[in-house]
Structures are given as C-alpha cells and as structure tokens.
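my_file_21.txt (compact mmCIF, C-alpha atoms)
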# COMPACT_ATOMS: atom_id res chain seq x y z
CA MET A 1 0.00 0.00 0.00
CA VAL A 2 1.32 3.44 -0.92
CA LYS A 3 0.25 6.39 1.21
CA LEU A 4 0.40 9.81 -0.44
CA THR A 5 0.99 12.40 2.25
CA GLU A 6 -0.07 16.02 2.27
CA HIS A 7 3.62 17.00 2.11
CA LEU A 8 4.04 14.99 -1.11
CA ARG A 9 0.98 16.71 -2.54
CA GLU A 10 2.50 20.12 -1.69
CA VAL A 11 5.73 19.18 -3.48
CA ALA A 12 3.81 17.89 -6.50
CA LEU A 13 1.93 21.20 -6.74
CA SER A 14 4.94 23.45 -6.07
CA GLU A 15 7.37 25.08 -8.48
CA GLN A 16 9.42 21.87 -8.13
CA ARG A 17 6.84 19.74 -9.94
CA SER A 18 8.49 20.28 -13.32
CA THR A 19 11.83 18.98 -12.08
CA LEU A 20 10.40 16.14 -10.01
CA GLN A 21 9.65 13.89 -12.97
CA ALA A 22 13.09 14.42 -14.56
CA GLU A 23 14.85 13.73 -11.26
CA LEU A 24 12.85 10.58 -10.60
CA ALA A 25 13.53 9.38 -14.15
CA ALA A 26 17.27 10.08 -13.72
CA ARG A 27 17.43 8.19 -10.43
CA TRP A 28 15.56 5.25 -11.89
CA SER A 29 17.84 5.34 -14.94
CA ILE A 30 20.86 5.01 -12.64
CA VAL A 31 19.36 1.86 -11.15
CA GLU A 32 18.29 0.32 -14.46
CA THR A 33 21.48 1.17 -16.30
CA SER A 34 23.61 -0.09 -13.43
CA PHE A 35 21.82 -3.43 -13.52
CA ALA A 36 21.96 -3.67 -17.32
CA ALA A 37 25.63 -2.72 -17.54
CA GLY A 38 26.68 -4.64 -14.45
CA VAL A 39 28.32 -1.57 -12.94
CA GLY A 40 26.99 -2.07 -9.43
CA ARG A 41 30.22 -3.27 -7.87
CA SER A 42 32.47 -0.67 -9.50
CA LEU A 43 29.97 2.11 -8.77
CA VAL A 44 30.06 1.20 -5.09
CA GLU A 45 33.82 0.70 -4.95
CA GLU A 46 35.10 3.38 -7.31
CA GLY A 47 32.33 5.96 -7.69
CA VAL A 48 31.49 7.63 -10.97
CA ALA A 49 33.04 10.16 -13.34
CA VAL A 50 31.58 12.84 -15.59
CA ASP A 51 31.95 12.80 -19.36
CA LEU A 52 31.96 16.53 -20.14
CA GLU A 53 31.41 16.01 -23.86
CA THR A 54 28.05 14.36 -23.33
CA LEU A 55 27.33 15.77 -19.84
CA ARG A 56 26.68 12.24 -18.65
CA ILE A 57 27.66 10.52 -15.43
CA THR A 58 29.65 7.41 -16.24
CA ASP A 59 31.08 4.40 -14.50
CA LYS A 60 34.84 5.00 -14.09
CA GLU A 61 35.89 1.54 -15.19
CA ARG A 62 33.59 0.96 -18.14
CA ARG A 63 32.75 4.52 -19.13
CA ARG A 64 29.12 3.53 -19.67
CA SER A 65 26.42 6.10 -19.27
CA VAL A 66 24.59 5.98 -15.95
CA ALA A 67 22.47 9.17 -16.02
CA GLY A 68 22.49 12.85 -16.92
CA VAL A 69 24.38 15.22 -14.63
CA THR A 70 21.60 17.79 -14.46
CA GLU A 71 18.76 15.36 -13.83
CA ALA A 72 20.77 13.40 -11.28
CA VAL A 73 21.59 16.35 -9.02
CA ILE A 74 19.06 19.10 -9.68
CA GLY A 75 16.68 17.92 -6.98
CA PHE A 76 19.44 18.24 -4.41
CA GLN A 77 19.65 21.92 -5.47
CA HIS A 78 15.87 22.26 -5.01
CA GLY A 79 15.54 22.75 -8.77
CA ARG A 80 17.48 26.02 -8.62
CA CYS A 81 20.41 27.50 -10.51
CA ILE A 82 23.66 27.18 -8.55
CA ILE A 83 24.60 30.75 -9.55
CA CYS A 84 21.46 32.91 -9.16
CA ALA A 85 19.40 30.53 -7.00
CA GLN A 86 16.31 31.08 -9.17
CA PRO A 87 14.26 28.06 -10.34
CA LEU A 88 15.47 26.12 -13.37
CA ILE A 89 12.39 25.32 -15.43
CA PRO A 90 12.88 22.30 -17.71
CA GLY A 91 11.74 22.92 -21.25
CA VAL A 92 11.78 26.69 -20.69
CA ASP A 93 15.25 27.53 -19.40
CA GLU A 94 18.45 26.59 -21.18
CA VAL A 95 20.53 24.65 -18.68
CA ALA A 96 24.31 24.36 -18.51
CA VAL A 97 26.57 22.45 -16.15
CA ASP A 98 28.71 24.95 -14.25
CA HIS A 99 32.16 24.31 -12.83
CA VAL A 100 31.58 26.17 -9.55
CA PHE A 101 35.32 26.57 -9.17
CA PRO A 102 36.08 27.32 -12.85
CA TYR A 103 37.93 24.67 -14.81
CA SER A 104 40.55 27.28 -15.73
CA PHE A 105 41.54 27.39 -12.03
CA LYS A 106 42.90 23.85 -12.44
CA ARG A 107 46.29 25.34 -13.37
CA LEU A 108 46.35 27.12 -9.99
CA LEU A 109 46.01 23.74 -8.32
CA SER A 110 48.83 22.04 -10.20
CA GLY A 111 50.79 19.88 -7.84
CA THR A 112 47.69 19.12 -5.77
CA ASP A 113 45.22 16.29 -6.09
CA VAL A 114 42.14 18.55 -6.22
CA ASP A 115 40.17 17.74 -9.37
CA LEU A 116 37.76 20.48 -10.43
CA ASP A 117 36.35 18.35 -13.23
CA VAL A 118 34.29 15.97 -11.08
CA ILE A 119 30.77 15.85 -9.70
CA TRP A 120 31.46 17.62 -6.38
CA ASN A 121 32.25 20.81 -8.37
CA LEU A 122 29.67 20.47 -11.17
CA ALA A 123 26.18 21.92 -10.84
CA PRO A 124 23.21 22.83 -13.04
CA ALA A 125 22.84 26.52 -13.85
CA HIS A 126 20.97 28.74 -16.27
CA ARG A 127 23.05 28.92 -19.45
CA PRO A 128 23.06 32.78 -19.37
CA CYS A 129 24.18 32.79 -15.71
CA ASN A 130 26.94 30.32 -16.51
CA GLY A 131 28.08 32.39 -19.49
CA GLN A 132 28.09 35.60 -17.46
CA LYS A 133 30.03 33.98 -14.59
CA SER A 134 32.56 32.53 -17.04
CA ASN A 135 35.94 32.10 -15.30
CA GLN A 136 35.16 34.22 -12.25
CA PRO A 137 35.64 32.70 -8.80
CA PRO A 138 32.41 31.55 -7.15
CA ALA A 139 30.53 33.93 -4.88
CA GLN A 140 29.89 32.91 -1.27
CA GLY A 141 26.26 32.06 -2.10
CA GLN A 142 27.36 29.61 -4.78
CA LEU A 143 29.78 27.94 -2.38
CA THR A 144 27.05 27.69 0.24
CA ARG A 145 24.61 26.16 -2.27
CA LEU A 146 27.30 23.73 -3.50
CA ALA A 147 28.13 22.59 0.05
CA LEU A 148 24.43 22.18 0.89
CA ARG A 149 23.84 20.24 -2.33
CA ASN A 150 26.78 17.92 -1.68
CA GLU A 151 25.72 17.45 1.96
CA ALA A 152 22.19 16.57 0.79
CA ILE A 153 23.57 13.93 -1.57
CA MET A 154 25.75 12.57 1.25
CA GLN A 155 22.68 12.19 3.48
CA SER A 156 20.75 10.31 0.78
CA PRO A 157 20.93 6.77 -0.59
CA HIS A 158 21.74 8.23 -4.06
CA PRO A 159 24.54 6.38 -5.93
CA LEU A 160 26.50 9.65 -6.19
CA LYS A 161 26.90 9.54 -2.42
CA ARG A 162 29.74 7.03 -2.83
CA THR A 163 31.51 9.22 -5.37
CA LEU A 164 31.38 12.19 -2.99
CA GLN A 165 32.57 10.03 -0.09
CA LEU A 166 35.57 8.91 -2.15
CA THR A 167 36.41 12.53 -3.00
CA LEU A 168 36.42 13.50 0.68
CA LYS A 169 38.36 10.42 1.77
CA GLY A 170 40.96 11.14 -0.90
CA HIS A 171 41.60 14.46 0.84
CA GLY A 172 41.89 13.16 4.40
CA TYR A 173 38.27 13.54 5.50
CA SER A 174 36.18 10.70 6.92
CA GLY A 175 33.69 10.92 4.06
CA GLY A 176 30.70 10.66 6.33
CA ARG A 177 30.68 13.47 8.88
CA VAL A 178 28.13 16.23 8.38
CA GLY A 179 29.88 19.51 7.62
CA GLU A 180 32.87 18.02 5.80
CA TRP A 181 31.78 19.59 2.51
CA TRP A 182 31.95 23.03 4.06
CA ASP A 183 35.48 22.26 5.27
CA PHE A 184 36.61 20.79 1.94
CA ILE A 185 35.24 23.71 -0.09
CA LYS A 186 36.92 26.20 2.25
CA GLU A 187 40.17 24.26 1.84
CA VAL A 188 39.92 24.39 -1.98
CA ARG A 189 39.09 28.10 -1.85
CA SER A 190 42.11 28.83 0.35
CA ARG A 191 44.40 26.97 -2.08
CA LEU A 192 43.19 29.29 -4.84
CA GLN A 193 43.89 32.53 -2.96
Write out the structure in this file as structure tokens.
Amino acid sequence: MVKLTEHLREVALSEQRSTLQAELAARWSIVETSFAAGVGRSLVEEGVAVDLETLRITDKERRRSVAGVTEAVIGFQHGRCIICAQPLIPGVDEVAVDHVFPYSFKRLLSGTDVDLDVIWNLAPAHRPCNGQKSNQPPAQGQLTRLALRNEAIMQSPHPLKRTLQLTLKGHGYSGGRVGEWWDFIKEVRSRLQ
C-alpha cells in the first residue's frame, strides 16, 4: 500500500513539480542502467566520473552512461540554478553544467590532487548565468549552495553519495561526517587565494 501524504501533494503542486519527474527518471535510470551494464560493484567501490562532452555521469571503469548530470543532481539543489538561486524550469530555461570553481583554475592547483572536473564541483545553472560567470571565482552564495547540495547527496541513498565520499576520503576527511563539505570547499578556496 502506498500512502500519499499532504507533504508529497504540496511538493507535487509546487514550483518543483516540473523537475520532479526528470529527477525521478534520472534516479531510476541510474538503477536500471547499473543493472543492465553490471556496474553495481564498480559504482560502489570506485564511484562515478563525468563525461563533459556528453554531460553524462559514467562508471569510471567501463565509461558507460549511468544518467544525466543535471537530472541526477538538480533535486538536491531544489531545482534552482547554482549561480542565481532562481528556479530552473525544464523545457523553458536553457541549462548548462557549471564548474563552480572554474575549470581554468585547475592550473592554480597544479601539484595538488584537487580535481575540479568531477561531480562535487559540477552543478546545473541557467546557461546565461553560466556564461556571465565565465571564469570568475564563485561567490559565497554559490559555495554555500554547493556545500548544501553535496551534503544533501551525502545524506541520501543516491549512488552519487559514494563518489562524494571517495572525494572526501581522498583528501583526508572521513567521508561521512556532516559539515565536511563546508570544510573541503573552504580548503579548496584557500588553495586558490
């Protein structure tokens, strides 16, 4: 028996309704594709990577598509642009995947093991916001939204949770304590100053 609560009804009737279906489809796609491709073990052990050409999340070992970046994480951002925090409306807004810490900053991190080209630093944004931000450092609001988004994924059973745990563990964090994303993002920011 499935019980539909009043809270679920509120969500279904809110501004989030347009993103709810895409997010549910993306999460289900992760499950189905993982079963079909047999990526379950490597997904759990190794996490996932992002193919920036196709904007798809892929299994690191087999490089098989698991789900779209935007659809997989947008719900954890409450359906909002990482840059301006306004709603992203599927089918209306053009969506881009933003490197919160710009990819061009990678050269500033040479000699470190911080990878700006992975899911912890990638987030859906309005295409115009992303274009206007370009290679500028992220504002405090963006960093706050990124940390909250990553913390939300870490508190969920989402398959990306393991990828984020591996990122934190690779930098000396436990990969499970609440608040570690704030600390990690502050650490990355300080390395760039």
Calculate how many Å separate CA of Arg162 in chain A from CA of Leu122 in chain A, rounding to one decimal.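 For CA of Arg162 in chain A relative to CA of Leu122 in chain A, the distance reads 15.8 Å.
When CA of Thr70 in chain A is paired with CA of Val188 in chain A, their separation reads 23.1 Å.
Taking CA of Phe184 in chain A and CA of Asn130 in chain A as the two end points, the separation is 22.9 Å.
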Considering all atoms listed in the file, state which residue in the set A:Ala12, A:Ile74, A:Leu24, A:Val100 is at the smallest distance from Ser134 in chain A.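 Among the listed residues, the smallest separation from Ser134 in chain A belongs to A:Val100.
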Selection near range 173-183 of chain A, 9 Å with all atoms listed in the file, sequence-local residues under 2 positions removed, as a PyMOL selection string: chain A and resi 143-144+146-148+150-151+154-155+162+164-171+185-188
Just the residues within 12 Å of Gly75 in chain A, please, counting all atoms listed in the file, with nothing from its chain fewer than 3 positions along; format it as a ChimeraX atom specification. /A:11,15-27,69-72,78-82,87-88,123-124,148-150,152-153,156,158
Output file for the residues above (C-alpha atoms, as an mmCIF file, keeping the file's coordinate frame):
data_model
loop_
_atom_site.group_PDB
_atom_site.id
_atom_site.type_symbol
_atom_site.label_atom_id
_atom_site.label_comp_id
_atom_site.auth_asym_id
_atom_site.auth_seq_id
_atom_site.Cartn_x
_atom_site.Cartn_y
_atom_site.Cartn_z
ATOM 1 C CA VAL A 11 5.730 19.180 -3.480
ATOM 2 C CA GLU A 15 7.370 25.080 -8.480
ATOM 3 C CA GLN A 16 9.420 21.870 -8.130
ATOM 4 C CA ARG A 17 6.840 19.740 -9.940
ATOM 5 C CA SER A 18 8.490 20.280 -13.320
ATOM 6 C CA THR A 19 11.830 18.980 -12.080
ATOM 7 C CA LEU A 20 10.400 16.140 -10.010
ATOM 8 C CA GLN A 21 9.650 13.890 -12.970
ATOM 9 C CA ALA A 22 13.090 14.420 -14.560
ATOM 10 C CA GLU A 23 14.850 13.730 -11.260
ATOM 11 C CA LEU A 24 12.850 10.580 -10.600
ATOM 12 C CA ALA A 25 13.530 9.380 -14.150
ATOM 13 C CA ALA A 26 17.270 10.080 -13.720
ATOM 14 C CA ARG A 27 17.430 8.190 -10.430
ATOM 15 C CA VAL A 69 24.380 15.220 -14.630
ATOM 16 C CA THR A 70 21.600 17.790 -14.460
ATOM 17 C CA GLU A 71 18.760 15.360 -13.830
ATOM 18 C CA ALA A 72 20.770 13.400 -11.280
ATOM 19 C CA HIS A 78 15.870 22.260 -5.010
ATOM 20 C CA GLY A 79 15.540 22.750 -8.770
ATOM 21 C CA ARG A 80 17.480 26.020 -8.620
ATOM 22 C CA CYS A 81 20.410 27.500 -10.510
ATOM 23 C CA ILE A 82 23.660 27.180 -8.550
ATOM 24 C CA PRO A 87 14.260 28.060 -10.340
ATOM 25 C CA LEU A 88 15.470 26.120 -13.370
ATOM 26 C CA ALA A 123 26.180 21.920 -10.840
ATOM 27 C CA PRO A 124 23.210 22.830 -13.040
ATOM 28 C CA LEU A 148 24.430 22.180 0.890
ATOM 29 C CA ARG A 149 23.840 20.240 -2.330
ATOM 30 C CA ASN A 150 26.780 17.920 -1.680
ATOM 31 C CA ALA A 152 22.190 16.570 0.790
ATOM 32 C CA ILE A 153 23.570 13.930 -1.570
ATOM 33 C CA SER A 156 20.750 10.310 0.780
ATOM 34 C CA HIS A 158 21.740 8.230 -4.060
#
Shell around range 106-112 of chain A at 9 Å using all atoms listed in the file, local window under 4 positions removed, as a list of chain:residue names: A:Phe101, A:Pro102, A:Leu116, A:Asp117, A:Val188, A:Arg191, A:Leu192
Pick the closest to Ser190 in chain A from A:Pro159, A:Pro128, A:Pro137, A:Gly91: which is it, counting all atoms listed in the file?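 Closest candidate: A:Pro137.
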Using only C-alpha atoms, pick whichever of A:Val118, A:Ala96, A:Ile89, A:Leu160 has the shortest atom-to-atom distance to Gln132 in chain A.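 Answer, going by the shortest atom-to-atom distance: A:Ala96.
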Residue nearest Arg145 in chain A among A:Gly172, A:Arg9, A:Trp120, A:Val95 (counting only C-alpha atoms):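 Checking each of A:Gly172, A:Arg9, A:Trp120, A:Val95 against Arg145 in chain A, counting only C-alpha atoms, the winner is A:Trp120.
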